[in-house]
Every structure is written in C-alpha cells, then in structure tokens.
$ cat model18.txt   # compact mmCIF, C-alpha atoms
# COMPACT_ATOMS: atom_id res chain seq x y z
CA MET A 1 28.48 40.34 18.25
CA ASN A 2 25.62 42.85 18.20
CA ARG A 3 22.49 42.53 20.29
CA LEU A 4 20.42 41.03 17.47
CA THR A 5 23.03 38.34 16.75
CA ARG A 6 23.24 37.54 20.48
CA PHE A 7 19.47 37.25 20.66
CA VAL A 8 19.32 34.96 17.63
CA ALA A 9 22.10 32.83 19.11
CA SER A 10 20.33 32.48 22.45
CA VAL A 11 17.10 31.55 20.71
CA ALA A 12 19.06 28.89 18.83
CA VAL A 13 20.52 27.53 22.10
CA VAL A 14 17.11 27.44 23.77
CA ALA A 15 15.66 25.77 20.68
CA ALA A 16 18.43 23.16 20.82
CA ILE A 17 17.76 22.48 24.51
CA ALA A 18 14.05 22.21 23.81
CA ALA A 19 14.70 19.96 20.79
CA PRO A 20 14.20 16.53 22.44
CA ALA A 21 10.49 17.31 22.58
CA ALA A 22 10.42 17.69 18.81
CA VAL A 23 10.81 14.81 16.37
CA ARG A 24 14.26 14.53 14.75
CA ALA A 25 14.86 13.83 11.07
CA ASP A 26 15.80 10.21 11.85
CA ASP A 27 12.66 9.83 13.90
CA GLN A 28 10.61 11.12 10.98
CA ASP A 29 12.08 8.32 8.85
CA THR A 30 11.22 5.72 11.49
CA ILE A 31 7.64 6.99 11.65
CA ALA A 32 7.29 7.28 7.85
CA TYR A 33 8.63 3.74 7.40
CA ARG A 34 6.21 2.10 9.82
CA GLU A 35 3.37 4.18 8.34
CA ASP A 36 4.20 2.84 4.88
CA ILE A 37 3.90 -0.68 6.28
CA MET A 38 0.67 -0.03 8.19
CA LYS A 39 -0.89 1.66 5.16
CA THR A 40 0.07 -1.35 3.08
CA LEU A 41 -1.73 -3.57 5.59
CA GLY A 42 -4.75 -1.26 5.36
CA ASP A 43 -4.90 -1.37 1.55
CA GLN A 44 -4.39 -5.12 1.51
CA ALA A 45 -7.07 -5.73 4.13
CA ALA A 46 -9.42 -3.58 2.04
CA SER A 47 -8.53 -5.52 -1.13
CA ILE A 48 -9.17 -8.84 0.61
CA GLY A 49 -12.48 -7.43 1.86
CA MET A 50 -13.44 -6.52 -1.72
CA ILE A 51 -12.60 -10.04 -2.90
CA ILE A 52 -14.75 -11.60 -0.18
CA GLN A 53 -17.64 -9.33 -1.19
CA GLY A 54 -17.22 -10.38 -4.82
CA LYS A 55 -16.02 -6.94 -5.90
CA ALA A 56 -12.54 -8.03 -7.02
CA PRO A 57 -11.24 -11.22 -8.70
CA ALA A 58 -11.34 -14.24 -6.37
CA GLU A 59 -8.11 -15.72 -7.73
CA ASN A 60 -6.20 -12.63 -6.52
CA ILE A 61 -6.66 -13.81 -2.93
CA VAL A 62 -3.42 -15.80 -3.16
CA ALA A 63 -1.29 -12.74 -3.95
CA HIS A 64 -3.05 -10.47 -1.46
CA THR A 65 -2.63 -12.90 1.43
CA GLN A 66 1.04 -13.29 0.51
CA ILE A 67 1.45 -9.50 0.54
CA LEU A 68 -0.35 -9.33 3.88
CA ALA A 69 2.01 -11.93 5.33
CA LEU A 70 5.13 -10.14 4.03
CA ALA A 71 3.97 -6.77 5.37
CA ALA A 72 3.01 -8.32 8.72
CA ALA A 73 6.49 -9.89 8.95
CA SER A 74 8.12 -6.47 8.63
CA ALA A 75 5.70 -4.64 10.95
CA LEU A 76 7.11 -5.59 14.36
CA ASP A 77 10.67 -4.60 13.43
CA ALA A 78 9.35 -1.25 12.20
CA PHE A 79 7.95 -0.49 15.66
CA GLU A 80 11.06 -1.62 17.54
CA PRO A 81 12.74 1.82 17.70
CA LYS A 82 11.07 3.63 20.56
CA VAL A 83 9.93 6.66 18.59
CA ALA A 84 6.54 7.99 19.57
CA GLY A 85 4.60 9.85 16.90
CA GLY A 86 2.36 9.31 13.94
CA GLU A 87 -0.72 7.41 15.05
CA SER A 88 1.12 5.25 17.60
CA LYS A 89 0.15 5.66 21.23
CA PRO A 90 2.98 5.62 23.83
CA GLU A 91 1.46 2.33 25.05
CA VAL A 92 3.15 0.58 22.10
CA TRP A 93 6.44 0.85 24.01
CA ALA A 94 5.03 1.08 27.57
CA GLN A 95 3.33 -2.32 27.01
CA TRP A 96 5.87 -3.72 24.55
CA ALA A 97 5.49 -7.34 25.72
CA ASP A 98 1.77 -7.31 24.93
CA PHE A 99 2.21 -5.31 21.71
CA SER A 100 4.92 -7.56 20.34
CA LYS A 101 2.96 -10.68 21.32
CA LYS A 102 -0.05 -9.40 19.38
CA MET A 103 2.12 -8.47 16.40
CA ASN A 104 3.83 -11.87 16.34
CA GLU A 105 0.48 -13.63 16.54
CA PHE A 106 -0.79 -11.53 13.64
CA SER A 107 2.32 -12.27 11.60
CA MET A 108 1.98 -16.03 12.19
CA ALA A 109 -1.74 -15.99 11.40
CA ALA A 110 -1.11 -14.01 8.20
CA ALA A 111 1.57 -16.50 7.11
CA ASP A 112 -0.87 -19.35 7.76
CA LEU A 113 -3.60 -17.54 5.79
CA ALA A 114 -1.24 -17.16 2.81
CA LYS A 115 -0.54 -20.92 2.89
CA THR A 116 -4.26 -21.64 3.14
CA ALA A 117 -5.03 -19.40 0.15
CA LYS A 118 -2.36 -21.08 -1.94
CA ALA A 119 -3.68 -24.54 -1.11
CA GLY A 120 -7.44 -23.94 -1.09
CA GLY A 121 -8.24 -20.54 -2.60
CA LEU A 122 -10.87 -18.10 -1.43
CA GLU A 123 -13.30 -20.60 0.08
CA ALA A 124 -10.58 -21.97 2.34
CA VAL A 125 -9.57 -18.45 3.38
CA LYS A 126 -13.03 -17.23 4.40
CA PRO A 127 -13.40 -19.23 7.65
CA LYS A 128 -9.97 -18.05 8.84
CA MET A 129 -10.49 -14.36 8.13
CA GLN A 130 -11.87 -13.26 11.46
CA ALA A 131 -9.15 -14.95 13.48
CA THR A 132 -6.42 -13.50 11.25
CA MET A 133 -7.56 -9.92 10.81
CA THR A 134 -7.03 -8.84 14.38
CA CYS A 135 -6.39 -5.21 13.38
CA LYS A 136 -9.03 -3.73 15.67
CA GLY A 137 -7.81 -5.57 18.77
CA CYS A 138 -4.45 -3.84 18.41
CA HIS A 139 -5.67 -0.51 17.05
CA ASP A 140 -8.13 0.00 19.92
CA VAL A 141 -5.28 -0.14 22.40
CA TYR A 142 -2.26 1.14 20.49
CA ARG A 143 -3.44 3.50 17.78
CA GLN A 144 -4.61 7.08 18.05
CA LYS A 145 -6.21 7.81 14.71
CA LYS A 146 -5.33 11.27 13.39
CA MET B 147 -47.57 -2.40 -24.56
CA THR B 148 -49.21 0.82 -23.33
CA ARG B 149 -47.90 4.21 -24.32
CA PHE B 150 -46.60 4.66 -20.78
CA ALA B 151 -44.73 1.38 -20.95
CA LYS B 152 -43.25 2.42 -24.33
CA LEU B 153 -42.16 5.77 -22.87
CA ALA B 154 -40.64 4.06 -19.83
CA GLY B 155 -38.85 1.67 -22.19
CA SER B 156 -37.35 4.51 -24.24
CA VAL B 157 -36.27 6.39 -21.11
CA ALA B 158 -34.50 3.25 -19.94
CA ILE B 159 -32.74 2.86 -23.30
CA VAL B 160 -31.60 6.51 -23.30
CA ALA B 161 -30.42 6.13 -19.71
CA THR B 162 -28.38 3.06 -20.71
CA MET B 163 -26.80 4.99 -23.58
CA LEU B 164 -25.82 7.80 -21.24
CA ALA B 165 -24.60 5.44 -18.55
CA PRO B 166 -20.89 5.30 -19.48
CA VAL B 167 -20.56 8.94 -18.38
CA VAL B 168 -21.54 8.12 -14.83
CA ALA B 169 -19.49 5.64 -12.81
CA SER B 170 -21.68 2.76 -11.64
CA ALA B 171 -21.22 0.96 -8.33
CA ASP B 172 -19.27 -1.73 -10.18
CA ASP B 173 -17.07 0.90 -11.82
CA LYS B 174 -16.34 2.39 -8.41
CA ASP B 175 -15.21 -1.05 -7.24
CA VAL B 176 -12.88 -1.34 -10.24
CA ILE B 177 -11.38 2.07 -9.46
CA ASP B 178 -11.15 1.43 -5.70
CA TYR B 179 -9.45 -1.90 -6.24
CA ARG B 180 -6.78 -0.61 -8.60
CA GLN B 181 -6.19 2.33 -6.24
CA HIS B 182 -5.52 -0.12 -3.39
CA LEU B 183 -2.91 -1.75 -5.63
CA MET B 184 -1.31 1.54 -6.64
CA ASN B 185 -1.31 2.80 -3.03
CA THR B 186 0.52 -0.33 -1.96
CA LEU B 187 3.11 0.20 -4.69
CA ASP B 188 3.52 3.77 -3.50
CA HIS B 189 3.97 2.82 0.16
CA GLN B 190 6.30 -0.08 -0.58
CA SER B 191 8.43 2.05 -2.92
CA GLY B 192 8.58 4.61 -0.11
CA ALA B 193 9.74 1.94 2.36
CA LEU B 194 12.29 0.63 -0.13
CA GLY B 195 13.52 4.14 -0.86
CA MET B 196 14.22 4.73 2.83
CA ILE B 197 16.23 1.50 2.98
CA LEU B 198 18.17 2.49 -0.14
CA SER B 199 18.98 5.88 1.31
CA GLY B 200 20.38 4.16 4.41
CA VAL B 201 17.96 5.55 6.99
CA ILE B 202 16.26 2.19 7.64
CA PRO B 203 18.04 -1.20 8.06
CA ASP B 204 17.85 -3.50 5.01
CA LYS B 205 16.52 -6.55 6.91
CA HIS B 206 13.16 -6.46 5.08
CA MET B 207 14.38 -5.19 1.72
CA ALA B 208 13.56 -8.44 -0.07
CA ASP B 209 10.08 -8.46 1.51
CA HIS B 210 9.36 -4.98 0.15
CA ILE B 211 10.61 -5.91 -3.33
CA GLU B 212 8.54 -9.09 -3.31
CA ILE B 213 5.42 -7.13 -2.31
CA ILE B 214 6.04 -4.76 -5.24
CA SER B 215 6.43 -7.75 -7.53
CA LEU B 216 3.21 -9.39 -6.28
CA VAL B 217 1.24 -6.17 -6.72
CA ALA B 218 2.76 -5.74 -10.17
CA SER B 219 1.51 -9.20 -11.12
CA LEU B 220 -2.07 -8.14 -10.27
CA SER B 221 -1.94 -4.74 -11.91
CA PRO B 222 -2.40 -5.40 -15.67
CA LYS B 223 -5.69 -7.19 -15.04
CA ALA B 224 -6.86 -4.46 -12.64
CA PHE B 225 -6.53 -1.91 -15.46
CA ALA B 226 -8.03 -4.18 -18.13
CA PRO B 227 -11.66 -3.04 -17.65
CA HIS B 228 -12.10 0.23 -19.54
CA VAL B 229 -13.27 2.21 -16.55
CA GLU B 230 -11.95 5.75 -16.51
CA GLY B 231 -11.64 7.57 -13.22
CA GLY B 232 -9.40 7.92 -10.21
CA GLN B 233 -5.97 9.14 -11.30
CA SER B 234 -5.92 7.14 -14.53
CA LYS B 235 -5.73 9.21 -17.70
CA PRO B 236 -7.87 8.09 -20.68
CA GLU B 237 -4.57 7.24 -22.42
CA VAL B 238 -4.40 4.04 -20.32
CA TRP B 239 -7.02 2.65 -22.71
CA SER B 240 -6.46 4.75 -25.85
CA LYS B 241 -2.80 3.65 -25.87
CA ALA B 242 -3.48 0.23 -24.40
CA ALA B 243 -0.71 -1.51 -26.37
CA ASP B 244 1.99 0.75 -24.92
CA PHE B 245 0.46 0.71 -21.42
CA ASP B 246 0.25 -3.11 -21.44
CA LYS B 247 3.84 -3.42 -22.62
CA LYS B 248 5.08 -1.14 -19.84
CA MET B 249 3.03 -3.06 -17.27
CA LYS B 250 4.36 -6.40 -18.50
CA ASP B 251 7.95 -5.10 -18.36
CA PHE B 252 7.27 -4.02 -14.78
CA VAL B 253 5.86 -7.45 -13.89
CA THR B 254 8.90 -9.22 -15.37
CA GLY B 255 11.45 -6.75 -14.02
CA SER B 256 10.12 -6.75 -10.47
CA ALA B 257 9.92 -10.57 -10.42
CA ASN B 258 13.56 -10.77 -11.52
CA VAL B 259 14.72 -8.34 -8.83
CA THR B 260 12.76 -10.30 -6.21
CA LYS B 261 14.62 -13.45 -7.22
CA ILE B 262 17.96 -11.63 -7.04
CA ALA B 263 17.12 -10.16 -3.61
CA ARG B 264 16.10 -13.60 -2.27
CA ASP B 265 18.96 -15.58 -3.86
CA GLN B 266 21.85 -13.13 -3.72
CA GLY B 267 20.88 -10.63 -1.03
CA PRO B 268 20.10 -6.92 -0.82
CA THR B 269 23.50 -5.65 -2.01
CA GLU B 270 23.20 -7.37 -5.39
CA ALA B 271 19.52 -6.42 -5.67
CA VAL B 272 20.40 -2.73 -5.41
CA ASN B 273 22.20 -2.95 -8.77
CA HIS B 274 18.94 -3.99 -10.45
CA ILE B 275 16.48 -2.03 -8.37
CA LEU B 276 15.39 0.34 -11.13
CA ASP B 277 13.88 -2.63 -13.01
CA ALA B 278 11.55 -3.07 -10.06
CA LEU B 279 10.63 0.60 -9.91
CA PRO B 280 9.86 1.97 -13.37
CA CYS B 281 6.97 3.96 -11.82
CA LYS B 282 7.79 7.36 -13.33
CA GLY B 283 7.97 6.13 -16.92
CA CYS B 284 4.33 5.07 -16.65
CA HIS B 285 3.01 7.78 -14.35
CA ASP B 286 4.29 10.61 -16.58
CA LEU B 287 2.07 9.34 -19.39
CA TYR B 288 -0.83 7.61 -17.72
CA ARG B 289 -1.46 9.19 -14.33
CA ASP B 290 -2.99 12.50 -13.36
CA PRO B 291 -1.91 13.08 -9.74
CA SER B 292 -4.14 16.17 -9.45
CA LYS B 293 -7.17 13.87 -9.40
CA LYS B 294 -8.34 11.72 -6.54
$ encode --input "model18.txt" --output "structure tokens"
Amino acid sequence: MNRLTRFVASVAVVAAIAAPAAVRADDQDTIAYREDIMKTLGDQAASIGMIIQGKAPAENIVAHTQILALAAASALDAFEPKVAGGESKPEVWAQWADFSKKMNEFSMAAADLAKTAKAGGLEAVKPKMQATMTCKGCHDVYRQKK
Amino acid sequence: MTRFAKLAGSVAIVATMLAPVVASADDKDVIDYRQHLMNTLDHQSGALGMILSGVIPDKHMADHIEIISLVASLSPKAFAPHVEGGQSKPEVWSKAADFDKKMKDFVTGSANVTKIARDQGPTEAVNHILDALPCKGCHDLYRDPSKK
C-alpha cells in the first residue's frame, strides 16, 4: 500500500466515522416521501383556496377535500421515523406528543370536511375551513422553511 | 359620439383583438389551478414510486393511488379552457381529440386501480399500476418541462 492509497483509505475511514452527521440514502427517501405528502397538502390547500375565491370550479370541492383527507391520513406515519432534515425542525420528534396530537386533529378535521363537502358542497365547507386548515399552527412550531 | 370617444372605442377594440396573446388574470387562474393538479400527480407518483421500490412501507399505497385517481377525474375539465401557458404545449388544444382520449383513459385506468387496491390490497394493485400512471405517454407529447 503506497502513501497515497493509505491516505485515501484513512480519509475514507474518517468519512465513515463522521457519516452519522450526514443523511443516509434511506433517510433521503424518508424525507422525500414526507415532502411529497406535505407538498400535496400545499397544492390542495391552494386549490381549495382558489375554489373559495371563485377562481376554480365550485363542484371540485368534493374531490379536493377528499384528497386533503387522504393526504392528511398518511402524513403522521410519514413523520414517524425520527429523521431530521428537509424543512422539519427537530422539535417534531422532541415534542412528538404535541406534534402527533396536532396531526391527528388535522387528519380528523380533514376527514370531517370531506364528508361535509360531499353532503353539502362548497357553502357547507366554507364555515369549517378555518378550523380545519390548521397548517400555520403546526408550521410555526415545527417547520423551518428553506 | 365625439372623435375622442370614437378613438377610445377603436383602441379598446384593437386591445381586445390583441388580448389572447397576453394572459389575463382569469387565464393565470386557469394555469395555476391545473398546475396544482399536475403538481399533486407528480408528488403522489413520487410517493407511490418509493413504495413500489420498497424504500417506504406500503400502508398508504391505496391512499396515494386514490389521490391520483381523484386528481385524474378533475384534470380533463382543468385543461378544457383553451388557455396556453405553464408547461402545456399548444398541442393540448390543437390535438384535443387525442389529448382528451388519453386523459379519459387515465381517469378510467386510475379509478380501476384504486378499486383493486382497496378491494384486493397493494400486492394485486402493483400488477395494474401502470394503468394508473400513464404520465409519460402524455407528457412526451403535451408537456414542455423547460417552461415554468
């Protein structure tokens, strides 16, 4: 083993020891998956906002609230692996009881909103919007926007 | 009508004739809305892809497929207004018959896979998953990813 090879090998060992600080391939998947779900929630919230402002078809509210409910149902599981990164603050896992309570409440409210939309359409949805779309309450505490 | 009023009237008519070139506020809404739909398809296909490649548990596979199916059901109408812009190529409207057929196949296919995923579970759904994700067949012809 020449000196260069030895040097490269030691760099590799040091890099391996230092590795826990970096994000692993599996962790990247975990982050990418939850980001796909959160971005879905973002696009759906925006679509619902457009419908309420009369900028998109009112009858589409039924499908969008269903999508919101389905995405909300998958969101908590996506955050379960303790993998910091993306826009998630470490508080997601440091305050897991509060985070998961908020997520569950959102998921239940979104499911209720979907039922309301199916039964009563846009006009029935409007009064429940503020109580359902609790995005900011969670994001202020648990999201570091990048 | 004064000469000024006549002139103002003609300017307004010319402006109206030129208008299709510039996207109006309403046109921007049409584009924004269909982009929200397409973004959701993109993110949900990404989530589904990670489940299919085994890096994410399949617990929510049926949810992701159902979301794709719901978005698919909204998509044909979102592209119905002839409003060019975003990543849509003009061919969306110049070849509307083909575009509509592909969209309808997507709506039907994704609804069928949703039913399979709900009734028979993720393993069976995998065998039909391509029916729910014919994205490339459409994007190759009708989408220009270099545009925003």
$ interface_residues --input "model18.txt" --of "chain A" --to "chain B" --cutoff "6 Å" --atoms "only C-alpha atoms" --output "PyMOL selection string"
chain A and resi 33+36+40+43+67+70
$ atom_distance --input "model18.txt" --atom1 "atom CA of A:Ala97" --atom2 "atom CA of A:Ala45"
25.0 Å
$ residues_around --input "model18.txt" --residues "stretch 117-128 of chain A" --least-positions-apart "6" --cutoff "12 Å" --atoms "all atoms listed in the file" --output "list of chain:residue names"
A:Ile48, A:Gly49, A:Met50, A:Ile51, A:Ile52, A:Gln53, A:Gly54, A:Ala56, A:Pro57, A:Ala58, A:Glu59, A:Asn60, A:Ile61, A:Val62, A:Ala63, A:His64, A:Thr65, A:Gln66, A:Ile67, A:Leu68, A:Ala69, A:Ala109, A:Ala110, A:Ala111, A:Thr134
$ atom_distance --input "model18.txt" --atom1 "atom CA of B:Ser256" --atom2 "atom CA of B:Ile211"
7.2 Å
$ atom_distance --input "model18.txt" --atom1 "atom CA of B:Ala242" --atom2 "atom CA of B:Ala218"
16.6 Å
$ residues_around --input "model18.txt" --residues "A:Met108" --least-positions-apart "2" --cutoff "9 Å" --atoms "only C-alpha atoms" --output "JSON, numbers by chain"
{"A": [69, 72, 73, 103, 104, 105, 106, 110, 111, 112, 113, 132]}
$ closest_residue --input "model18.txt" --among "A:Gln95, A:Tyr142, A:Ala71, A:Ser100" --to "A:Ile37" --atoms "only C-alpha atoms"
A:Ala71
